[in-house]
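Engineer: Here you go, structure36.cif (mmCIF, C-alpha atoms and all ligand atoms):
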```
data_start
#
loop_
_atom_site.label_atom_id
_atom_site.label_comp_id
_atom_site.auth_asym_id
_atom_site.auth_seq_id
_atom_site.Cartn_x
_atom_site.Cartn_y
_atom_site.Cartn_z
CA MET A 1 20.51 -11.52 -28.01
CA ALA A 2 18.91 -9.88 -24.97
CA GLU A 3 16.14 -7.38 -25.74
CA THR A 4 17.15 -3.75 -25.22
CA LEU A 5 14.73 -1.72 -23.13
CA LEU A 6 14.82 2.00 -23.87
CA VAL A 7 13.64 4.01 -20.87
CA GLU A 8 12.24 7.41 -21.82
CA PRO A 9 11.66 9.37 -18.61
CA ASP A 10 8.92 11.99 -18.58
CA SER A 11 10.57 14.63 -16.41
CA ALA A 12 7.41 16.80 -16.41
CA PHE A 13 5.54 13.87 -14.83
CA ILE A 14 8.22 13.46 -12.13
CA ASN A 15 7.96 17.17 -11.35
CA ASP A 16 4.14 16.99 -11.26
CA VAL A 17 4.21 14.08 -8.79
CA MET A 18 6.75 15.83 -6.58
CA ALA A 19 4.83 19.12 -6.69
CA SER A 20 1.48 17.42 -5.93
CA GLY A 21 2.41 15.91 -2.57
CA GLY A 22 5.11 13.43 -3.60
CA ALA A 23 8.08 15.61 -2.63
CA ASP A 24 9.80 12.58 -1.02
CA LEU A 25 9.62 10.40 -4.14
CA LYS A 26 13.36 10.49 -4.81
CA LYS A 27 14.25 9.35 -1.29
CA CYS A 28 13.20 5.80 -2.23
CA PHE A 29 16.24 3.52 -2.62
CA GLN A 30 14.25 0.40 -3.56
CA CYS A 31 14.78 -1.57 -0.35
CA ALA A 32 11.32 -3.23 -0.73
CA THR A 33 10.36 -2.84 2.93
CA CYS A 34 7.03 -1.36 1.73
CA THR A 35 6.38 -4.47 -0.36
CA SER A 36 7.05 -6.73 2.59
CA VAL A 37 4.46 -4.93 4.78
CA CYS A 38 1.79 -4.26 2.13
CA ASP A 39 -0.96 -6.87 2.21
CA LEU A 40 -1.46 -6.40 -1.55
CA SER A 41 1.92 -7.99 -2.16
CA GLU A 42 1.18 -11.51 -1.03
CA ASP A 43 2.29 -14.29 -3.32
CA GLY A 44 5.47 -12.73 -4.64
CA LEU A 45 3.97 -9.55 -6.15
CA THR A 46 6.09 -6.40 -6.06
CA PHE A 47 3.64 -3.63 -5.17
CA PRO A 48 4.15 -0.77 -4.23
CA ARG A 49 7.90 -0.86 -4.92
CA ARG A 50 7.36 -1.35 -8.67
CA VAL A 51 5.15 1.75 -8.79
CA MET A 52 7.70 3.75 -6.79
CA ILE A 53 10.40 2.97 -9.33
CA ALA A 54 8.08 3.70 -12.29
CA ALA A 55 7.24 7.11 -10.79
CA GLN A 56 10.90 7.83 -9.91
CA TRP A 57 11.97 7.06 -13.47
CA GLY A 58 9.19 9.17 -14.98
CA LEU A 59 7.46 6.18 -16.60
CA LYS A 60 4.10 7.93 -16.58
CA ASP A 61 2.13 5.41 -18.66
CA LYS A 62 3.38 2.51 -16.57
CA ALA A 63 2.71 4.19 -13.22
CA LEU A 64 -0.79 5.46 -14.08
CA ALA A 65 -1.91 2.20 -15.71
CA ASP A 66 -0.88 0.06 -12.72
CA PRO A 67 -4.07 -1.31 -11.09
CA GLY A 68 -2.14 -1.46 -7.81
CA ILE A 69 -2.52 2.29 -7.23
CA TRP A 70 -6.30 1.69 -7.04
CA LEU A 71 -6.06 -1.50 -5.02
CA CYS A 72 -4.11 0.48 -2.39
CA HIS A 73 -6.53 1.50 0.37
CA ASN A 74 -4.19 4.09 1.89
CA CYS A 75 -3.65 2.16 5.11
CA GLY A 76 -0.31 3.95 5.58
CA ASP A 77 1.56 0.85 6.79
CA CYS A 78 4.20 1.22 4.05
CA THR A 79 4.85 4.85 4.97
CA VAL A 80 5.22 4.05 8.67
CA ASN A 81 7.79 1.36 7.87
CA CYS A 82 9.72 3.04 5.04
CA PRO A 83 13.31 3.54 6.31
CA ARG A 84 13.88 6.50 3.97
CA GLY A 85 10.73 8.52 4.67
CA ALA A 86 9.70 8.28 1.01
CA LYS A 87 6.01 8.10 2.06
CA PRO A 88 4.88 5.54 -0.55
CA SER A 89 1.21 5.75 0.57
CA ASN A 90 1.26 9.49 -0.23
CA ILE A 91 2.80 8.73 -3.64
CA MET A 92 -0.03 6.24 -4.37
CA GLY A 93 -2.56 9.00 -3.50
CA VAL A 94 -0.81 11.48 -5.79
CA LEU A 95 -0.75 8.92 -8.62
CA ARG A 96 -4.49 8.29 -8.23
CA LYS A 97 -5.08 12.02 -8.56
CA GLU A 98 -2.74 12.22 -11.59
CA ALA A 99 -4.51 9.21 -13.18
CA ILE A 100 -7.93 10.86 -12.87
CA LYS A 101 -6.48 14.01 -14.45
CA ALA A 102 -4.74 12.11 -17.24
CA PHE A 103 -7.78 10.01 -18.22
CA SER A 104 -10.39 12.74 -17.73
CA PHE A 105 -12.66 14.01 -20.49
CA PRO A 106 -12.53 16.91 -21.07
CA LYS A 107 -8.99 17.27 -19.71
CA ILE A 108 -9.59 20.79 -18.45
CA ALA A 109 -12.28 19.46 -16.07
CA GLY A 110 -9.77 17.07 -14.47
CA THR A 111 -7.30 19.91 -13.95
CA MET A 112 -9.90 22.35 -12.57
CA VAL A 113 -11.35 19.94 -10.01
CA SER A 114 -7.93 18.89 -8.73
CA GLU A 115 -6.54 22.40 -8.15
CA ALA A 116 -7.74 24.74 -5.38
CA LYS A 117 -7.21 27.88 -7.47
CA TYR A 118 -10.25 26.95 -9.64
CA LEU A 119 -12.65 26.42 -6.71
CA ALA A 120 -14.57 29.70 -7.22
CA VAL A 121 -14.97 28.98 -10.95
CA LEU A 122 -16.40 25.52 -10.22
CA PHE A 123 -19.17 27.00 -8.07
CA LEU A 124 -19.78 30.03 -10.28
CA LEU A 125 -21.59 27.99 -12.95
CA PRO A 126 -24.31 26.47 -10.67
CA ILE A 127 -24.65 29.77 -8.76
CA LEU A 128 -25.43 31.56 -12.05
CA ILE A 129 -27.84 28.84 -13.19
CA PHE A 130 -29.87 28.61 -9.96
CA GLY A 131 -29.61 32.36 -9.34
CA THR A 132 -31.16 33.00 -12.77
CA ILE A 133 -33.98 30.48 -12.15
CA ALA A 134 -34.78 32.06 -8.77
CA ALA A 135 -34.64 35.62 -10.19
CA ILE A 136 -37.11 34.69 -12.97
CA GLU A 137 -39.55 32.81 -10.72
CA LEU A 138 -39.50 35.36 -7.91
CA ARG A 139 -40.91 38.01 -10.26
CA HIS A 140 -44.33 36.44 -9.58
CA PRO A 141 -46.02 36.31 -6.17
CA LEU A 142 -45.62 32.87 -4.56
CA VAL A 143 -48.93 30.96 -4.60
CA ARG A 144 -47.71 28.36 -2.05
CA PRO A 145 -44.91 30.18 -0.18
CA TYR A 146 -43.49 27.11 1.60
CA ILE A 147 -43.10 24.83 -1.43
CA TYR A 148 -39.65 24.76 -3.05
CA ALA A 149 -41.14 24.11 -6.50
CA GLU A 150 -42.58 27.63 -6.41
CA VAL A 151 -39.08 29.09 -6.81
CA PHE A 152 -37.27 26.11 -8.38
CA PRO A 153 -39.90 24.36 -10.57
CA ALA A 154 -39.54 20.63 -11.21
CA SER A 155 -40.15 21.32 -14.92
CA ILE A 156 -36.75 23.10 -14.98
CA LEU A 157 -34.83 21.12 -12.34
CA GLU A 158 -35.60 17.67 -13.72
CA PRO A 159 -34.28 18.20 -17.28
CA LEU A 160 -31.34 20.17 -15.86
CA PHE A 161 -30.29 17.33 -13.54
CA TYR A 162 -30.90 14.69 -16.24
CA ALA A 163 -28.53 16.67 -18.49
CA VAL A 164 -25.91 17.00 -15.72
CA SER A 165 -26.18 13.27 -14.96
CA ALA A 166 -25.75 12.45 -18.65
CA LEU A 167 -22.59 14.62 -18.78
CA ALA A 168 -21.22 12.82 -15.71
CA VAL A 169 -21.92 9.41 -17.27
CA LEU A 170 -20.16 10.54 -20.46
CA GLY A 171 -17.17 11.77 -18.42
CA PHE A 172 -16.94 8.43 -16.62
CA ALA A 173 -17.40 6.39 -19.81
CA VAL A 174 -14.55 8.14 -21.62
CA GLY A 175 -12.28 8.22 -18.55
CA VAL A 176 -12.73 4.54 -17.75
CA THR A 177 -12.30 3.55 -21.41
CA ARG A 178 -8.99 5.42 -21.47
CA PHE A 179 -7.93 3.74 -18.22
CA VAL A 180 -8.80 0.25 -19.49
CA ARG A 181 -6.88 0.91 -22.72
CA ALA A 182 -3.88 2.05 -20.66
CA MET A 183 -4.06 -1.13 -18.53
CA ARG A 184 -4.24 -3.29 -21.64
CA ALA A 185 -1.24 -1.47 -23.15
CA ALA A 186 0.65 -2.13 -19.91
CA GLY A 187 -0.12 -5.85 -20.19
CA VAL A 188 -2.98 -6.18 -17.66
CA GLU A 189 -5.30 -8.61 -19.41
CA GLY A 190 -7.88 -9.36 -16.70
CA ARG A 191 -11.53 -9.14 -17.78
CA ILE A 192 -13.70 -6.71 -15.86
CA LEU A 193 -17.33 -7.81 -16.19
CA PRO A 194 -16.93 -11.41 -14.92
CA ALA A 195 -15.21 -10.17 -11.74
CA LEU A 196 -17.50 -7.21 -11.10
CA ALA A 197 -19.94 -8.77 -8.59
CA PRO A 198 -17.34 -10.20 -6.13
CA THR A 199 -15.33 -6.98 -6.45
CA LEU A 200 -18.32 -4.85 -5.44
CA VAL A 201 -18.96 -7.13 -2.47
CA GLU A 202 -15.33 -6.69 -1.40
CA ILE A 203 -15.58 -2.89 -1.71
CA ILE A 204 -18.90 -2.62 0.14
CA THR A 205 -17.73 -4.84 3.00
CA HIS A 206 -14.42 -2.94 3.30
CA ARG A 207 -12.63 -6.24 3.86
CA ARG A 208 -9.17 -4.82 3.14
CA PHE A 209 -9.71 -1.77 5.32
CA MET A 210 -9.98 -4.04 8.33
CA LYS A 211 -6.38 -5.11 7.77
CA CYS A 212 -5.08 -1.53 8.18
CA THR A 213 -2.99 -0.72 11.21
CA ALA A 214 -1.56 2.81 10.71
CA ASN A 215 -4.79 4.39 9.34
CA LYS A 216 -7.39 2.09 10.91
CA ASP A 217 -9.45 5.05 12.24
CA ARG A 218 -10.77 5.76 8.73
CA TYR A 219 -12.59 2.42 8.54
CA LEU A 220 -15.89 3.41 10.18
CA GLY A 221 -16.14 6.85 8.52
CA HIS A 222 -15.40 5.36 5.10
CA LEU A 223 -17.87 2.51 5.55
CA LEU A 224 -20.71 4.78 6.73
CA THR A 225 -20.10 7.30 3.95
CA LEU A 226 -20.16 4.60 1.28
CA CYS A 227 -23.26 2.79 2.63
CA GLY A 228 -25.21 6.03 3.11
CA PHE A 229 -24.19 7.23 -0.33
CA VAL A 230 -25.41 3.98 -1.92
CA GLY A 231 -28.72 4.43 -0.03
CA LEU A 232 -29.09 7.98 -1.36
CA ALA A 233 -28.22 6.88 -4.90
CA ILE A 234 -30.88 4.13 -4.76
CA THR A 235 -33.48 6.56 -3.40
CA GLY A 236 -32.65 9.36 -5.84
CA THR A 237 -32.72 7.04 -8.86
CA SER A 238 -35.97 5.34 -7.80
CA VAL A 239 -37.78 8.60 -7.03
CA GLY A 240 -36.45 10.16 -10.27
CA ILE A 241 -37.78 7.23 -12.34
CA GLY A 242 -41.02 7.16 -10.31
CA THR A 243 -41.76 10.84 -10.97
CA MET A 244 -40.79 10.53 -14.63
CA LEU A 245 -43.33 7.69 -15.04
CA ASP A 246 -45.87 9.68 -13.03
CA LEU A 247 -45.92 6.99 -10.31
CA MET A 248 -44.70 9.38 -7.59
CA HIS A 249 -45.16 13.07 -6.86
CA THR A 250 -42.69 15.28 -5.01
CA PRO A 251 -42.41 16.47 -2.32
CA LEU A 252 -43.01 13.03 -0.84
CA PRO A 253 -44.91 12.85 2.47
CA PHE A 254 -42.60 12.85 5.51
CA LEU A 255 -43.66 9.39 6.56
CA SER A 256 -43.39 7.72 3.14
CA GLY A 257 -41.00 4.77 2.97
CA TRP A 258 -38.72 6.44 0.41
CA LYS A 259 -38.52 9.64 2.46
CA LEU A 260 -37.63 7.73 5.64
CA PHE A 261 -35.00 5.68 3.80
CA ALA A 262 -33.52 8.82 2.22
CA ASN A 263 -33.36 10.59 5.59
CA LEU A 264 -31.75 7.56 7.22
CA SER A 265 -29.17 7.36 4.39
CA ALA A 266 -28.49 11.10 4.63
CA GLY A 267 -27.92 10.77 8.39
CA VAL A 268 -25.50 7.88 7.83
CA VAL A 269 -23.56 9.90 5.21
CA LEU A 270 -23.42 12.89 7.53
CA VAL A 271 -21.97 10.87 10.41
CA GLY A 272 -19.49 9.14 8.04
CA THR A 273 -18.27 12.37 6.43
CA VAL A 274 -17.96 14.12 9.82
CA LEU A 275 -15.83 11.20 11.06
CA LEU A 276 -13.62 11.37 7.95
CA ILE A 277 -13.21 15.15 8.16
CA GLY A 278 -12.55 14.90 11.91
CA ASP A 279 -9.92 12.21 11.36
CA ARG A 280 -8.13 14.41 8.82
CA MET A 281 -8.41 17.54 11.01
CA LYS A 282 -6.95 15.88 14.10
CA SER A 283 -3.85 14.74 12.20
CA PRO A 284 -2.38 17.78 10.41
CA GLU A 285 0.78 15.73 9.84
CA LYS A 286 -1.23 13.72 7.28
CA TRP A 287 -2.08 16.85 5.28
CA ASN A 288 -0.42 17.11 1.92
CA ASP A 289 -1.17 18.45 -1.53
CA THR A 290 -3.85 15.79 -2.14
CA THR A 291 -5.79 16.94 0.94
CA TYR A 292 -7.66 19.57 -1.09
CA PHE A 293 -8.52 17.05 -3.81
CA ASP A 294 -9.63 14.41 -1.25
CA GLY A 295 -11.53 17.00 0.78
CA PHE A 296 -13.44 18.58 -2.13
CA PHE A 297 -15.72 15.58 -2.60
CA ILE A 298 -16.16 14.82 1.12
CA VAL A 299 -16.98 18.44 2.02
CA VAL A 300 -19.41 18.86 -0.93
CA LEU A 301 -21.11 15.56 0.00
CA ALA A 302 -21.38 16.56 3.67
CA GLY A 303 -22.76 19.94 2.53
CA VAL A 304 -25.37 18.26 0.30
CA VAL A 305 -26.80 16.12 3.12
CA ALA A 306 -26.53 18.86 5.79
CA THR A 307 -28.37 21.44 3.61
CA GLY A 308 -30.86 18.76 2.52
CA ILE A 309 -31.79 17.94 6.13
CA LEU A 310 -31.87 21.64 7.04
CA SER A 311 -34.10 22.43 4.03
CA GLU A 312 -36.66 19.89 5.24
CA LEU A 313 -36.62 21.27 8.79
CA LEU A 314 -36.98 24.87 7.58
CA ARG A 315 -39.91 23.90 5.35
CA VAL A 316 -41.65 22.37 8.38
CA ALA A 317 -40.83 25.52 10.38
CA GLN A 318 -42.22 27.63 7.48
CA SER A 319 -39.27 30.00 7.49
CA ALA A 320 -39.60 31.16 3.89
CA GLY A 321 -36.54 33.44 3.45
CA LEU A 322 -34.13 31.07 5.14
CA MET A 323 -35.52 27.88 3.59
CA TYR A 324 -35.11 29.16 0.00
CA SER A 325 -31.55 30.36 0.75
CA VAL A 326 -30.52 26.99 2.21
CA TYR A 327 -32.22 25.14 -0.65
CA PHE A 328 -30.33 27.32 -3.13
CA ILE A 329 -27.03 26.24 -1.54
CA HIS A 330 -28.30 22.64 -1.55
CA LEU A 331 -28.96 22.78 -5.31
CA VAL A 332 -25.57 24.37 -6.03
CA LEU A 333 -23.84 21.58 -4.08
CA ILE A 334 -25.85 18.73 -5.69
CA PHE A 335 -25.12 20.16 -9.15
CA SER A 336 -21.39 20.31 -8.28
CA LEU A 337 -21.42 16.78 -6.82
CA PHE A 338 -22.92 15.34 -10.03
CA LEU A 339 -21.12 17.41 -12.67
CA TYR A 340 -17.66 17.07 -11.12
CA ALA A 341 -18.04 13.42 -10.02
CA PRO A 342 -15.84 11.95 -12.82
CA TYR A 343 -12.95 14.25 -11.77
CA SER A 344 -13.28 14.26 -7.97
CA LYS A 345 -12.54 11.69 -5.31
CA PHE A 346 -15.88 10.08 -6.18
CA ALA A 347 -14.14 8.78 -9.32
CA HIS A 348 -12.04 6.61 -6.98
CA PHE A 349 -15.03 4.35 -6.49
CA VAL A 350 -15.38 3.76 -10.25
CA TYR A 351 -11.66 3.44 -11.12
CA ARG A 352 -11.02 1.27 -8.05
CA THR A 353 -13.86 -1.09 -8.99
CA VAL A 354 -12.54 -1.48 -12.55
CA ALA A 355 -8.92 -1.97 -11.42
CA MET A 356 -9.84 -4.47 -8.70
CA ALA A 357 -12.01 -6.49 -11.09
CA ALA A 358 -9.25 -6.60 -13.73
CA ALA A 359 -6.62 -7.56 -11.15
CA ARG A 360 -8.82 -10.23 -9.58
CA ASP A 361 -9.57 -11.83 -12.96
CA ALA A 362 -5.92 -11.60 -14.07
CA GLN A 363 -4.73 -13.27 -10.84
CA LEU A 364 -7.23 -16.07 -11.17
CA LYS A 365 -6.32 -16.65 -14.83
CA ALA A 366 -2.61 -16.62 -14.11
CA GLY A 367 -3.10 -18.99 -11.20
CA ALA A 368 -0.96 -16.67 -9.10
CA VAL A 369 -3.45 -17.11 -6.29
CA THR A 370 -6.25 -19.51 -5.63
CA THR A 371 -9.91 -18.53 -5.61
CA GLN A 372 -9.86 -18.98 -1.85
CA SER A 373 -7.00 -16.56 -1.34
CA VAL A 374 -8.64 -13.94 -3.60
CA ASN A 375 -11.76 -14.20 -1.50
CA ALA A 376 -9.94 -14.41 1.82
S1 LIG B 1 9.36 3.42 -0.68
FE1 LIG B 1 10.63 3.19 1.16
S2 LIG B 1 10.25 1.08 1.81
FE2 LIG B 1 9.54 1.20 -0.32
S3 LIG B 1 11.27 0.57 -1.55
FE3 LIG B 1 11.38 2.80 -1.38
S4 LIG B 1 12.73 3.18 0.37
FE4 LIG B 1 12.09 1.04 0.52
S1 LIG B 2 -0.88 2.39 1.86
FE1 LIG B 2 -1.24 0.27 2.53
S2 LIG B 2 -2.25 -0.70 0.78
FE2 LIG B 2 -1.32 1.19 0.04
S3 LIG B 2 0.68 0.57 -0.73
FE3 LIG B 2 0.96 1.21 1.39
S4 LIG B 2 0.81 -0.67 2.61
FE4 LIG B 2 -0.05 -1.09 0.57
#
```
Take the structure in the file and write it out as structure tokens.
Ligand code: SF4
Ligand code: SF4

Structural biologist:
Amino acid sequence: MAETLLVEPDSAFINDVMASGGADLKKCFQCATCTSVCDLSEDGLTFPRRVMIAAQWGLKDKALADPGIWLCHNCGDCTVNCPRGAKPSNIMGVLRKEAIKAFSFPKIAGTMVSEAKYLAVLFLLPILIFGTIAAIELRHPLVRPYIYAEVFPASILEPLFYAVSALAVLGFAVGVTRFVRAMRAAGVEGRILPALAPTLVEIITHRRFMKCTANKDRYLGHLLTLCGFVGLAITGTSVGIGTMLDLMHTPLPFLSGWKLFANLSAGVVLVGTVLLIGDRMKSPEKWNDTTYFDGFFIVVLAGVVATGILSELLRVAQSAGLMYSVYFIHLVLIFSLFLYAPYSKFAHFVYRTVAMAAARDAQLKAGAVTTQSVNA
């Protein structure tokens, strides 16, 4: 006797998707045009049509556990070709946002970072922390008036940022564990660790981005932002470990190798983020309810590098009042970037890596594609 499948739609999930930028979800009539144009659907796979139907039917667990939503690189080709105007690329973006919210730990953090109404609350915490530090330190006369550590001592900043980093790692660890469990429950069996290295190479080289036609303008901005960000992460981690082991002392000289590399990386991030913001600004028709969520991370990141560069210049110019004010904003933005990373668009990088690795390994195991076609 044929197995009976009981479909239990989650109508709250359908409403959430439609209210978060997926208003056209129900226009989809399953023609599969999107599948025929999506380069992720080679070899008889059914993406993104299968995700469209899961979302339409309110199958929340199925839709959010599908690695395809993370493999999608938002090229927009499906949306351009959809005969019903269902905007499947927008729906994939909304589902990524919903997945980050659903897997986040604590849940409230996922909700607060994804909704514009909580923006002031997000910044209030670091403003209070750094405002209190500055108020305490400024009670004493500054011995070296053009040194940031006089107002924001390393003895306070270092443990504070180690604690914030640890919270971010915890948020990612729990979120990714929940996501992997959801994938396993949905039948995705691919292993992650064995496929990690080739997956990271694919992400860094932006191989799939080059296949985009509708949204090809994002390629350069995305590539520069990612490469510069990796450069800053390498510098920040190395200098952090170096100072902890007493091998380095901040501020580093302007002409030190690490300083030059950090400045180069910051410049690359700044150009990349400006290109991405410019691309979004010049196409208001692409704005939807995920624009705030997408923009939060990009704008905070652009703000971090812009205020970082400006802080250095103001220190050289010995403009005490202005340099401490800009550095204050810089610290507030770095704190926000780190603490909210597991719930912002930055989390894309982590979830996408895990999903791509699992999908790559599952495809290889199933023999659905050859090693050559995975690497093509
Ligand atoms: S999203 Fe559009 S192209 Fe894809 S199946 Fe639905 S109607 Fe067809
Ligand atoms: S946006 Fe591009 S990658 Fe994503 S589902 Fe549509 S066609 Fe595929």

Engineer: Could you list, as a VMD selection string, all protein and nucleic acid residues with an atom at most 12 Å from ligand LIG 2 (chain B), counting only C-alpha atoms and all ligand atoms?

Structural biologist: chain A and resid 32 to 42 45 to 52 67 to 82 86 to 96 208 to 216

Engineer: Generate a file of the selected residues that holds C-alpha atoms, formatted as a short mmCIF file (atom, residue, chain, number, x, y, z; two decimals), in the coordinates of the input.

Structural biologist:
```
data_model
loop_
_atom_site.label_atom_id
_atom_site.label_comp_id
_atom_site.auth_asym_id
_atom_site.auth_seq_id
_atom_site.Cartn_x
_atom_site.Cartn_y
_atom_site.Cartn_z
CA ALA A 32 11.32 -3.23 -0.73
CA THR A 33 10.36 -2.84 2.93
CA CYS A 34 7.03 -1.36 1.73
CA THR A 35 6.38 -4.47 -0.36
CA SER A 36 7.05 -6.73 2.59
CA VAL A 37 4.46 -4.93 4.78
CA CYS A 38 1.79 -4.26 2.13
CA ASP A 39 -0.96 -6.87 2.21
CA LEU A 40 -1.46 -6.40 -1.55
CA SER A 41 1.92 -7.99 -2.16
CA GLU A 42 1.18 -11.51 -1.03
CA LEU A 45 3.97 -9.55 -6.15
CA THR A 46 6.09 -6.40 -6.06
CA PHE A 47 3.64 -3.63 -5.17
CA PRO A 48 4.15 -0.77 -4.23
CA ARG A 49 7.90 -0.86 -4.92
CA ARG A 50 7.36 -1.35 -8.67
CA VAL A 51 5.15 1.75 -8.79
CA MET A 52 7.70 3.75 -6.79
CA PRO A 67 -4.07 -1.31 -11.09
CA GLY A 68 -2.14 -1.46 -7.81
CA ILE A 69 -2.52 2.29 -7.23
CA TRP A 70 -6.30 1.69 -7.04
CA LEU A 71 -6.06 -1.50 -5.02
CA CYS A 72 -4.11 0.48 -2.39
CA HIS A 73 -6.53 1.50 0.37
CA ASN A 74 -4.19 4.09 1.89
CA CYS A 75 -3.65 2.16 5.11
CA GLY A 76 -0.31 3.95 5.58
CA ASP A 77 1.56 0.85 6.79
CA CYS A 78 4.20 1.22 4.05
CA THR A 79 4.85 4.85 4.97
CA VAL A 80 5.22 4.05 8.67
CA ASN A 81 7.79 1.36 7.87
CA CYS A 82 9.72 3.04 5.04
CA ALA A 86 9.70 8.28 1.01
CA LYS A 87 6.01 8.10 2.06
CA PRO A 88 4.88 5.54 -0.55
CA SER A 89 1.21 5.75 0.57
CA ASN A 90 1.26 9.49 -0.23
CA ILE A 91 2.80 8.73 -3.64
CA MET A 92 -0.03 6.24 -4.37
CA GLY A 93 -2.56 9.00 -3.50
CA VAL A 94 -0.81 11.48 -5.79
CA LEU A 95 -0.75 8.92 -8.62
CA ARG A 96 -4.49 8.29 -8.23
CA ARG A 208 -9.17 -4.82 3.14
CA PHE A 209 -9.71 -1.77 5.32
CA MET A 210 -9.98 -4.04 8.33
CA LYS A 211 -6.38 -5.11 7.77
CA CYS A 212 -5.08 -1.53 8.18
CA THR A 213 -2.99 -0.72 11.21
CA ALA A 214 -1.56 2.81 10.71
CA ASN A 215 -4.79 4.39 9.34
CA LYS A 216 -7.39 2.09 10.91
#
```

Engineer: Just how far from atom CA of Thr353 of chain A is atom CA of Met281 of chain A, in Å to one decimal?

Structural biologist: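 Distance reported for this atom pair: 27.9 Å.
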
Engineer: Enter the distance from atom CA of Leu125 of chain A to atom CA of Leu337 of chain A, in Å, rounded to one decimal.

Structural biologist: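 Distance between the two atoms: 12.8 Å.
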
Engineer: Given all atoms listed in the file as the basis, pick out the residue of A:Leu25, A:Val304, A:Leu247, A:Ala355 nearest to ligand LIG 1 (chain B).

Structural biologist: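 Closest candidate: A:Leu25.
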
Engineer: Residues at most 12 Å from Asn263 of chain A, counting all atoms listed in the file, excluding those fewer than 5 positions away in the same chain, as a PyMOL selection string?

Structural biologist: chain A and resi 228-229+231-232+235-236+252+254-258+268-270+305-306+308-313

Engineer: For Tyr162 of chain A, find every residue with an atom within 12 Å (counting all atoms listed in the file), except residues of its own chain fewer than 4 positions away, and show them as a VMD selection string.

Structural biologist: chain A and resid 154 to 158 166 to 169 236 to 237 240 to 241 244 335 338 to 339

Engineer: Report, in Å to a single decimal, how far apart atom CA of Leu64 of chain A and atom CA of Phe103 of chain A are.

Structural biologist: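 Pair atom CA of Phe103 of chain A / atom CA of Leu64 of chain A returns 9.3 Å.
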
Engineer: With a distance cut-off of 10 Å and only C-alpha atoms, select the neighbouring residues of Phe179 of chain A, excluding the residue or stretch itself and same-chain residues fewer than 4 positions from it, and output the selection as a PyMOL selection string.

Structural biologist: chain A and resi 64-67+99-100+102-104+173-175+183-185+351+354-355

Engineer: For segment 276-278 of chain A, find every residue with an atom within 12 Å (counting only C-alpha atoms), except residues of its own chain fewer than 6 positions away, and show them as JSON, numbers by chain.

Structural biologist: {"A": [215, 216, 217, 218, 219, 220, 221, 222, 223, 224, 225, 226, 269, 270, 284, 287, 291, 292, 294, 295, 296, 297, 298, 299, 300, 301, 302]}

Engineer: Mind completing segment 258-270 of chain A with N, CA and C atoms? Output as a short mmCIF file (atom, residue, chain, number, x, y, z; two decimals), keeping the file's coordinate frame, please?

Structural biologist:
```cif
data_model
loop_
_atom_site.label_atom_id
_atom_site.label_comp_id
_atom_site.auth_asym_id
_atom_site.auth_seq_id
_atom_site.Cartn_x
_atom_site.Cartn_y
_atom_site.Cartn_z
N TRP A 258 -39.89 5.89 1.11
CA TRP A 258 -38.72 6.44 0.41
C TRP A 258 -38.11 7.61 1.17
N LYS A 259 -39.01 8.46 1.73
CA LYS A 259 -38.52 9.64 2.46
C LYS A 259 -37.73 9.19 3.70
N LEU A 260 -38.30 8.21 4.42
CA LEU A 260 -37.63 7.73 5.64
C LEU A 260 -36.28 7.11 5.29
N PHE A 261 -36.26 6.32 4.21
CA PHE A 261 -35.00 5.68 3.80
C PHE A 261 -33.97 6.72 3.38
N ALA A 262 -34.44 7.76 2.66
CA ALA A 262 -33.52 8.82 2.22
C ALA A 262 -32.96 9.57 3.43
N ASN A 263 -33.82 9.86 4.41
CA ASN A 263 -33.36 10.59 5.59
C ASN A 263 -32.38 9.75 6.41
N LEU A 264 -32.66 8.45 6.50
CA LEU A 264 -31.75 7.56 7.22
C LEU A 264 -30.39 7.53 6.50
N SER A 265 -30.42 7.40 5.17
CA SER A 265 -29.17 7.36 4.39
C SER A 265 -28.40 8.67 4.54
N ALA A 266 -29.15 9.79 4.50
CA ALA A 266 -28.49 11.10 4.63
C ALA A 266 -27.81 11.22 6.00
N GLY A 267 -28.51 10.74 7.04
CA GLY A 267 -27.92 10.77 8.39
C GLY A 267 -26.65 9.94 8.46
N VAL A 268 -26.67 8.77 7.82
CA VAL A 268 -25.50 7.88 7.83
C VAL A 268 -24.33 8.55 7.10
N VAL A 269 -24.62 9.19 5.95
CA VAL A 269 -23.56 9.90 5.21
C VAL A 269 -22.99 11.03 6.07
N LEU A 270 -23.88 11.75 6.74
CA LEU A 270 -23.42 12.89 7.53
C LEU A 270 -22.47 12.44 8.64
#
```
